[in-house]
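Quick look at model_32.txt (compact mmCIF, C-alpha atoms):
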```
# COMPACT_ATOMS: atom_id res chain seq x y z
CA MET A 756 -18.50 -30.34 1.31
CA THR A 757 -18.31 -27.85 -1.58
CA GLU A 758 -15.02 -26.92 -3.25
CA ASP A 759 -15.07 -23.41 -1.71
CA SER A 760 -15.74 -24.74 1.80
CA GLN A 761 -12.95 -27.32 1.38
CA ARG A 762 -10.58 -24.56 0.31
CA ASN A 763 -11.60 -22.43 3.29
CA PHE A 764 -11.15 -25.39 5.67
CA ARG A 765 -7.67 -26.08 4.29
CA SER A 766 -6.72 -22.41 4.58
CA VAL A 767 -7.79 -22.27 8.24
CA TYR A 768 -5.97 -25.54 8.96
CA TYR A 769 -2.73 -24.39 7.32
CA GLU A 770 -2.89 -21.12 9.23
CA LYS A 771 -3.36 -22.90 12.57
CA VAL A 772 -0.39 -25.20 12.04
CA GLY A 773 1.87 -22.35 10.95
CA PHE A 774 1.73 -22.69 7.16
CA ARG A 775 -0.38 -19.66 6.41
CA GLY A 776 -0.29 -18.77 2.75
CA VAL A 777 0.32 -22.26 1.31
CA GLU A 778 -3.09 -22.49 -0.34
CA GLU A 779 -3.01 -18.84 -1.38
CA LYS A 780 0.37 -19.29 -3.11
CA LYS A 781 -0.97 -22.28 -5.04
CA SER A 782 -4.06 -20.32 -6.07
CA LEU A 783 -1.94 -17.43 -7.32
CA GLU A 784 0.31 -19.77 -9.30
CA ILE A 785 -2.79 -21.17 -11.02
CA LEU A 786 -3.92 -17.64 -11.92
CA LEU A 787 -0.48 -16.80 -13.31
CA LYS A 788 -0.47 -19.86 -15.60
CA ASP A 789 -3.34 -18.50 -17.70
CA ASP A 790 -2.32 -17.43 -21.22
CA ARG A 791 -4.20 -14.21 -20.64
CA LEU A 792 -3.90 -13.05 -17.04
CA ASP A 793 -7.22 -12.17 -15.42
CA THR A 794 -6.53 -8.76 -13.86
CA GLU A 795 -9.82 -8.76 -11.96
CA LYS A 796 -8.94 -12.01 -10.18
CA LEU A 797 -5.38 -10.83 -9.52
CA CYS A 798 -6.77 -7.62 -8.08
CA THR A 799 -9.14 -9.49 -5.78
CA PHE A 800 -6.37 -11.85 -4.68
CA SER A 801 -4.11 -8.90 -3.82
CA GLN A 802 -6.91 -7.30 -1.81
CA ARG A 803 -7.43 -10.45 0.25
CA PHE A 804 -3.94 -11.87 0.71
CA PRO A 805 -0.32 -10.66 0.93
CA LEU A 806 1.48 -11.38 -2.33
CA PRO A 807 4.39 -13.85 -2.23
CA SER A 808 7.59 -11.86 -2.77
CA MET A 809 8.63 -14.01 -5.77
CA TYR A 810 5.49 -12.96 -7.69
CA ARG A 811 4.98 -9.44 -6.33
CA ALA A 812 6.83 -7.54 -9.07
CA LEU A 813 4.99 -9.37 -11.87
CA VAL A 814 1.55 -8.90 -10.32
CA TRP A 815 2.18 -5.22 -9.59
CA LYS A 816 3.32 -4.59 -13.16
CA VAL A 817 0.21 -6.26 -14.60
CA LEU A 818 -2.20 -4.48 -12.25
CA LEU A 819 -0.58 -1.11 -12.92
CA GLY A 820 -0.77 -1.62 -16.66
CA ILE A 821 2.99 -1.66 -17.08
CA LEU A 822 2.71 -5.14 -18.57
CA PRO A 823 -0.23 -6.42 -20.65
CA PRO A 824 -2.22 -9.49 -19.59
CA HIS A 825 -0.72 -11.59 -22.43
CA HIS A 826 2.47 -13.43 -21.42
CA GLU A 827 3.94 -13.52 -24.91
CA SER A 828 4.10 -9.71 -25.06
CA HIS A 829 5.92 -9.17 -21.76
CA ALA A 830 9.52 -9.17 -23.01
CA GLN A 831 8.88 -6.73 -25.84
CA VAL A 832 6.71 -4.43 -23.73
CA MET A 833 9.32 -4.31 -20.97
CA MET A 834 11.91 -3.21 -23.52
CA TYR A 835 9.60 -0.35 -24.55
CA ARG A 836 8.94 0.52 -20.89
CA LYS A 837 12.67 0.80 -20.16
CA GLU A 838 13.06 3.19 -23.07
CA GLN A 839 10.04 5.14 -21.83
CA TYR A 840 11.56 5.36 -18.32
CA SER A 841 14.82 6.76 -19.69
CA ASP A 842 13.00 9.33 -21.86
CA VAL A 843 10.80 10.59 -18.99
CA LEU A 844 13.73 10.78 -16.57
CA HIS A 845 15.77 12.70 -19.12
CA ALA A 846 12.87 15.12 -19.68
CA LEU A 847 12.57 15.81 -15.94
CA LYS A 848 16.28 16.51 -15.69
CA VAL A 849 16.17 18.86 -18.67
CA VAL A 850 13.39 20.95 -17.10
CA ARG A 851 15.23 20.71 -13.75
CA PHE A 852 12.46 19.06 -11.76
CA VAL A 853 14.89 16.37 -10.62
CA SER A 854 18.64 15.92 -10.39
CA ASP A 855 21.02 13.15 -9.41
CA ALA A 856 20.58 14.28 -5.78
CA THR A 857 16.77 14.01 -5.82
CA PRO A 858 15.44 11.20 -3.56
CA GLN A 859 14.28 8.25 -5.65
CA VAL A 860 10.78 8.42 -4.14
CA GLU A 861 10.35 11.98 -5.41
CA VAL A 862 11.76 11.05 -8.82
CA TYR A 863 9.08 8.37 -9.21
CA LEU A 864 6.39 10.80 -8.10
CA ARG A 865 7.51 13.43 -10.63
CA MET A 866 7.62 10.82 -13.40
CA TYR A 867 4.08 9.77 -12.58
CA GLN A 868 2.92 13.41 -12.53
CA LEU A 869 4.55 14.08 -15.89
CA GLU A 870 2.97 10.99 -17.45
CA CYS A 871 -0.47 12.02 -16.10
CA GLY A 872 -0.14 15.67 -17.12
CA LYS A 873 -0.11 16.84 -13.48
CA LEU A 874 3.35 18.36 -13.36
CA PRO A 875 4.18 20.57 -11.48
CA ARG A 876 1.03 20.75 -9.41
CA SER A 877 0.90 18.27 -6.57
CA PRO A 878 -2.26 16.18 -6.39
CA SER A 879 -4.67 16.86 -3.54
CA PHE A 880 -5.65 14.09 -1.18
CA PRO A 881 -9.10 13.81 0.46
CA LEU A 882 -7.77 11.11 2.84
CA PRO A 883 -7.18 13.35 5.93
CA LYS A 884 -10.95 13.68 6.45
CA ALA A 885 -11.37 9.91 6.28
CA PHE A 886 -8.45 9.58 8.69
CA GLU A 887 -10.19 11.82 11.24
CA GLN A 888 -13.45 9.91 10.77
CA TYR A 889 -11.97 6.47 11.47
CA LEU A 890 -9.67 7.66 14.26
CA ASN A 891 -12.73 9.15 15.95
CA LEU A 892 -14.52 5.80 15.69
CA GLU A 893 -11.54 3.91 17.11
CA ASP A 894 -10.41 6.38 19.79
CA SER A 895 -12.23 9.70 20.10
CA ARG A 896 -10.13 10.70 23.12
CA LEU A 897 -6.95 10.44 21.09
CA LEU A 898 -8.43 12.59 18.32
CA SER A 899 -9.54 15.17 20.90
CA HIS A 900 -5.97 15.35 22.19
CA LEU A 901 -4.66 15.99 18.67
CA ARG A 902 -7.23 18.74 18.22
CA THR A 903 -6.38 20.31 21.57
CA CYS A 904 -2.74 20.45 20.53
CA SER A 905 -3.71 21.87 17.10
CA ALA A 906 -1.91 18.90 15.59
CA VAL A 907 -4.59 17.52 13.26
CA SER A 908 -3.73 19.84 10.38
CA ARG A 909 0.01 19.35 10.90
CA LEU A 910 0.25 15.57 10.88
CA PRO A 911 2.64 14.10 8.26
CA TYR A 912 -0.08 13.60 5.62
CA GLU A 913 2.40 14.03 2.76
CA LEU A 914 4.56 11.21 4.13
CA TRP A 915 1.50 9.03 4.71
CA PHE A 916 -0.77 9.70 1.76
CA LYS A 917 1.44 11.24 -0.93
CA ARG A 918 4.46 9.00 -0.45
CA CYS A 919 2.30 6.07 0.71
CA PHE A 920 4.52 5.56 3.80
CA ALA A 921 7.74 5.27 1.77
CA GLY A 922 10.44 6.46 4.16
CA CYS A 923 8.17 5.77 7.13
CA LEU A 924 7.84 1.97 7.11
CA PRO A 925 10.59 -0.57 6.33
CA GLU A 926 10.41 -2.25 2.94
CA SER A 927 9.02 -5.58 4.20
CA SER A 928 6.04 -3.84 5.81
CA LEU A 929 5.67 -1.32 3.00
CA GLN A 930 5.23 -4.06 0.39
CA ARG A 931 2.19 -5.44 2.20
CA VAL A 932 0.56 -1.99 2.20
CA TRP A 933 1.38 -1.39 -1.44
CA ASP A 934 -0.15 -4.75 -2.39
CA LYS A 935 -3.48 -3.19 -1.46
CA VAL A 936 -2.75 0.21 -3.04
CA VAL A 937 -1.61 -1.30 -6.34
CA SER A 938 -4.73 -3.49 -6.47
CA GLY A 939 -6.98 -0.46 -6.08
CA SER A 940 -7.51 0.28 -2.38
CA CYS A 941 -5.83 3.55 -1.45
CA LYS A 942 -8.03 3.58 1.65
CA ILE A 943 -5.66 1.14 3.33
CA LEU A 944 -3.35 4.15 3.79
CA VAL A 945 -5.93 5.73 6.08
CA PHE A 946 -6.03 2.68 8.33
CA VAL A 947 -2.24 2.43 8.49
CA ALA A 948 -2.17 6.05 9.70
CA VAL A 949 -4.92 5.34 12.23
CA GLU A 950 -3.14 2.25 13.52
CA ILE A 951 0.13 4.18 13.91
CA LEU A 952 -1.70 6.60 16.20
CA LEU A 953 -3.37 3.77 18.12
CA THR A 954 -0.10 1.85 18.52
CA PHE A 955 1.77 4.86 19.87
CA LYS A 956 -1.18 6.34 21.77
CA ILE A 957 0.61 6.54 25.13
CA LYS A 958 3.58 8.35 23.58
CA VAL A 959 1.39 10.75 21.57
CA MET A 960 -0.85 11.53 24.55
CA ALA A 961 2.25 12.46 26.54
CA LEU A 962 3.31 15.05 23.94
CA ASN A 963 1.71 18.47 24.29
CA SER A 964 2.59 20.29 21.08
CA ALA A 965 1.86 19.80 17.40
CA GLU A 966 5.55 20.12 16.57
CA LYS A 967 6.58 17.32 18.96
CA ILE A 968 3.76 15.02 17.82
CA THR A 969 4.57 15.51 14.14
CA LYS A 970 8.29 15.02 14.70
CA PHE A 971 7.64 11.74 16.50
CA LEU A 972 5.22 10.45 13.85
CA GLU A 973 7.71 11.22 11.09
CA ASN A 974 10.25 8.94 12.76
CA ILE A 975 8.30 6.14 14.41
CA PRO A 976 10.18 3.09 15.77
CA GLN A 977 10.62 0.45 13.06
CA ASP A 978 10.29 -2.63 15.27
CA SER A 979 6.49 -2.34 15.45
CA SER A 980 5.93 -1.94 11.71
CA ASP A 981 4.80 -5.48 10.87
CA ALA A 982 2.28 -5.49 13.73
CA ILE A 983 1.02 -2.05 12.69
CA VAL A 984 0.39 -3.19 9.12
CA SER A 985 -1.34 -6.40 10.25
CA LYS A 986 -3.64 -4.49 12.58
CA ALA A 987 -4.26 -1.84 9.91
CA ILE A 988 -5.38 -4.54 7.47
CA ASP A 989 -7.71 -5.90 10.16
CA LEU A 990 -9.15 -2.40 10.65
CA TRP A 991 -9.58 -2.04 6.88
CA HIS A 992 -11.54 -5.30 6.76
CA LYS A 993 -13.54 -4.29 9.83
CA HIS A 994 -14.74 -1.00 8.34
CA CYS A 995 -14.73 -1.81 4.60
CA GLY A 996 -15.40 -5.53 4.51
CA THR A 997 -13.33 -8.37 3.04
CA PRO A 998 -13.13 -8.57 -0.78
CA VAL A 999 -14.55 -11.81 -2.13
CA HIS A 1000 -12.08 -13.86 -4.17
CA SER A 1001 -13.35 -14.51 -7.68
CA ALA A 1002 -13.86 -18.14 -8.62
```

This structure in structure tokens:
Amino acid sequence: MTEDSQRNFRSVYYEKVGFRGVEEKKSLEILLKDDRLDTEKLCTFSQRFPLPSMYRALVWKVLLGILPPHHESHAQVMMYRKEQYSDVLHALKVVRFVSDATPQVEVYLRMYQLECGKLPRSPSFPLPKAFEQYLNLEDSRLLSHLRTCSAVSRLPYELWFKRCFAGCLPESSLQRVWDKVVSGSCKILVFVAVEILLTFKIKVMALNSAEKITKFLENIPQDSSDAIVSKAIDLWHKHCGTPVHSA
């Protein structure tokens, strides 16, 4: 049996006996021991598996370029990053784009826009078209209902695709979605939106106005969030394939 097949056998076994993630955690720890972190392998790992909470912040910072791949530089770079954060936040307050009352999610968005030279114009998102495409493949009748109610153009796309479900999903579920976003797959957002519609299909089909549908989708019940994210990841793999973990 080859090393890869042995690893796959162990992973399936651990999952069946209720220890899903044991092998994955060990693999990640091996990757994180390298003197120079391999961002490509970390990216692939994040695409395939949920990140353990104890390593999530470190991996996100490396993948986003906040920290360099070299361990020895992390402390000094983080000091510079904290100074950078304070300077950007101060600049936004001076030009009155944010205040102490501004929601933290919007503050982070404005900081990102300023750093990228996109302030004050909001970025445009092509994801609604992809959302319609995949919803049609999964449940064309549900999409037809949304169109009949003139709700398609009024769905909470800003909450879904601009805020990446922050304020929509609880933190534990949100982290699993952002693992994929941070590692380069914004398309996961589309499948989370699709799965929300599929999960609450009966409720949505019973609503007959765009206003009621949008209001409901902006405040979905939180107790189904973990299941929604799990099914959304399955949909993502179904339509986009499963990333292959680098050796």

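Here the question is which of A:His826, A:Arg803, A:Lys986, A:Lys942 gets nearest to Leu882 in chain A using all atoms listed in the file, and that residue is A:Lys942.
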
Check which residues of range 919-968 of chain A sit at most 9 Å from range 811-815 of chain A using all atoms listed in the file, and return one row each with the closest pair of atoms and their distance in Å to one decimal, ordered by chain and rising number, as a tab-separated table.
```
residue	atom	partner	partner_atom	distance
A:Gln930	CA	A:Arg811	CA	8.6
A:Asp934	CA	A:Trp815	CA	7.6
A:Val937	CA	A:Trp815	CA	6.3
A:Ser938	CA	A:Trp815	CA	7.8
```

(Q) Considering all atoms listed in the file, can you say which of A:Ile943, A:Ile975, A:Leu952, A:Leu806 comes closest to Cys995 in chain A? (A)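 Using all atoms listed in the file, Cys995 in chain A sits closest to A:Ile943.
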
Q: Grab the CA of Ile983 in chain A to CA of Lys967 in chain A distance for me, in Å with one decimal place.
A: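 CA of Lys967 in chain A lies 21.1 Å from CA of Ile983 in chain A.
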
**Q.** Atom-to-atom span, CA of Lys873 in chain A and CA of Arg931 in chain A, Å
**A.** 27.3 Å

Q) Of the residues A:Lys935, A:Lys816, A:Lys884, A:His845, which is the one nearest to His992 in chain A, using all atoms listed in the file? A)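 Between A:Lys935, A:Lys816, A:Lys884, A:His845, the residue approaching His992 in chain A most closely is A:Lys935.
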
Quick one: range 914-936 of chain A with N, CA, C and O atoms, as an mmCIF file, keeping the file's coordinate frame?
```cif
data_model
loop_
_atom_site.group_PDB
_atom_site.id
_atom_site.type_symbol
_atom_site.label_atom_id
_atom_site.label_comp_id
_atom_site.auth_asym_id
_atom_site.auth_seq_id
_atom_site.Cartn_x
_atom_site.Cartn_y
_atom_site.Cartn_z
ATOM 1 N N LEU A 914 3.818 12.457 3.947
ATOM 2 C CA LEU A 914 4.560 11.210 4.130
ATOM 3 C C LEU A 914 3.621 10.010 4.061
ATOM 4 O O LEU A 914 3.942 8.984 3.456
ATOM 5 N N TRP A 915 2.455 10.142 4.654
ATOM 6 C CA TRP A 915 1.500 9.030 4.710
ATOM 7 C C TRP A 915 0.767 8.802 3.398
ATOM 8 O O TRP A 915 0.729 7.687 2.893
ATOM 9 N N PHE A 916 0.168 9.866 2.871
ATOM 10 C CA PHE A 916 -0.770 9.700 1.760
ATOM 11 C C PHE A 916 -0.215 10.072 0.390
ATOM 12 O O PHE A 916 -0.731 9.623 -0.634
ATOM 13 N N LYS A 917 0.832 10.882 0.353
ATOM 14 C CA LYS A 917 1.440 11.240 -0.930
ATOM 15 C C LYS A 917 2.574 10.294 -1.275
ATOM 16 O O LYS A 917 2.717 9.872 -2.423
ATOM 17 N N ARG A 918 3.355 9.937 -0.249
ATOM 18 C CA ARG A 918 4.460 9.000 -0.450
ATOM 19 C C ARG A 918 4.087 7.580 -0.063
ATOM 20 O O ARG A 918 4.902 6.663 -0.168
ATOM 21 N N CYS A 919 2.829 7.405 0.374
ATOM 22 C CA CYS A 919 2.300 6.070 0.710
ATOM 23 C C CYS A 919 3.207 5.332 1.700
ATOM 24 O O CYS A 919 3.462 4.141 1.566
ATOM 25 N N PHE A 920 3.708 6.079 2.702
ATOM 26 C CA PHE A 920 4.520 5.560 3.800
ATOM 27 C C PHE A 920 5.937 5.167 3.390
ATOM 28 O O PHE A 920 6.663 4.567 4.192
ATOM 29 N N ALA A 921 6.342 5.481 2.160
ATOM 30 C CA ALA A 921 7.740 5.270 1.770
ATOM 31 C C ALA A 921 8.607 6.216 2.593
ATOM 32 O O ALA A 921 8.371 7.416 2.638
ATOM 33 N N GLY A 922 9.619 5.656 3.274
ATOM 34 C CA GLY A 922 10.440 6.460 4.160
ATOM 35 C C GLY A 922 9.924 6.477 5.583
ATOM 36 O O GLY A 922 10.570 7.030 6.476
ATOM 37 N N CYS A 923 8.765 5.853 5.791
ATOM 38 C CA CYS A 923 8.170 5.770 7.130
ATOM 39 C C CYS A 923 8.206 4.334 7.636
ATOM 40 O O CYS A 923 8.565 4.076 8.779
ATOM 41 N N LEU A 924 7.836 3.393 6.768
ATOM 42 C CA LEU A 924 7.840 1.970 7.110
ATOM 43 C C LEU A 924 8.983 1.256 6.409
ATOM 44 O O LEU A 924 9.358 1.640 5.297
ATOM 45 N N PRO A 925 9.539 0.216 7.011
ATOM 46 C CA PRO A 925 10.590 -0.570 6.330
ATOM 47 C C PRO A 925 9.996 -1.300 5.130
ATOM 48 O O PRO A 925 8.784 -1.511 5.046
ATOM 49 N N GLU A 926 10.858 -1.699 4.214
ATOM 50 C CA GLU A 926 10.410 -2.250 2.940
ATOM 51 C C GLU A 926 9.496 -3.468 3.101
ATOM 52 O O GLU A 926 8.494 -3.598 2.392
ATOM 53 N N SER A 927 9.825 -4.366 4.033
ATOM 54 C CA SER A 927 9.020 -5.580 4.200
ATOM 55 C C SER A 927 7.585 -5.267 4.579
ATOM 56 O O SER A 927 6.641 -5.918 4.106
ATOM 57 N N SER A 928 7.397 -4.252 5.414
ATOM 58 C CA SER A 928 6.040 -3.840 5.810
ATOM 59 C C SER A 928 5.385 -3.024 4.711
ATOM 60 O O SER A 928 4.180 -3.159 4.458
ATOM 61 N N LEU A 929 6.184 -2.188 4.060
ATOM 62 C CA LEU A 929 5.670 -1.320 3.000
ATOM 63 C C LEU A 929 5.079 -2.125 1.847
ATOM 64 O O LEU A 929 4.031 -1.769 1.293
ATOM 65 N N GLN A 930 5.715 -3.230 1.503
ATOM 66 C CA GLN A 930 5.230 -4.060 0.390
ATOM 67 C C GLN A 930 3.820 -4.565 0.644
ATOM 68 O O GLN A 930 2.989 -4.613 -0.269
ATOM 69 N N ARG A 931 3.528 -4.932 1.875
ATOM 70 C CA ARG A 931 2.190 -5.440 2.200
ATOM 71 C C ARG A 931 1.127 -4.349 2.050
ATOM 72 O O ARG A 931 -0.004 -4.622 1.647
ATOM 73 N N VAL A 932 1.492 -3.118 2.380
ATOM 74 C CA VAL A 932 0.560 -1.990 2.200
ATOM 75 C C VAL A 932 0.373 -1.710 0.726
ATOM 76 O O VAL A 932 -0.753 -1.530 0.239
ATOM 77 N N TRP A 933 1.469 -1.714 -0.012
ATOM 78 C CA TRP A 933 1.380 -1.390 -1.440
ATOM 79 C C TRP A 933 0.680 -2.470 -2.249
ATOM 80 O O TRP A 933 0.153 -2.191 -3.321
ATOM 81 N N ASP A 934 0.657 -3.716 -1.729
ATOM 82 C CA ASP A 934 -0.150 -4.750 -2.390
ATOM 83 C C ASP A 934 -1.592 -4.263 -2.529
ATOM 84 O O ASP A 934 -2.235 -4.445 -3.570
ATOM 85 N N LYS A 935 -2.094 -3.650 -1.465
ATOM 86 C CA LYS A 935 -3.480 -3.190 -1.460
ATOM 87 C C LYS A 935 -3.651 -1.934 -2.327
ATOM 88 O O LYS A 935 -4.637 -1.784 -3.049
ATOM 89 N N VAL A 936 -2.674 -1.032 -2.248
ATOM 90 C CA VAL A 936 -2.750 0.210 -3.040
ATOM 91 C C VAL A 936 -2.712 -0.103 -4.534
ATOM 92 O O VAL A 936 -3.522 0.399 -5.313
#
```
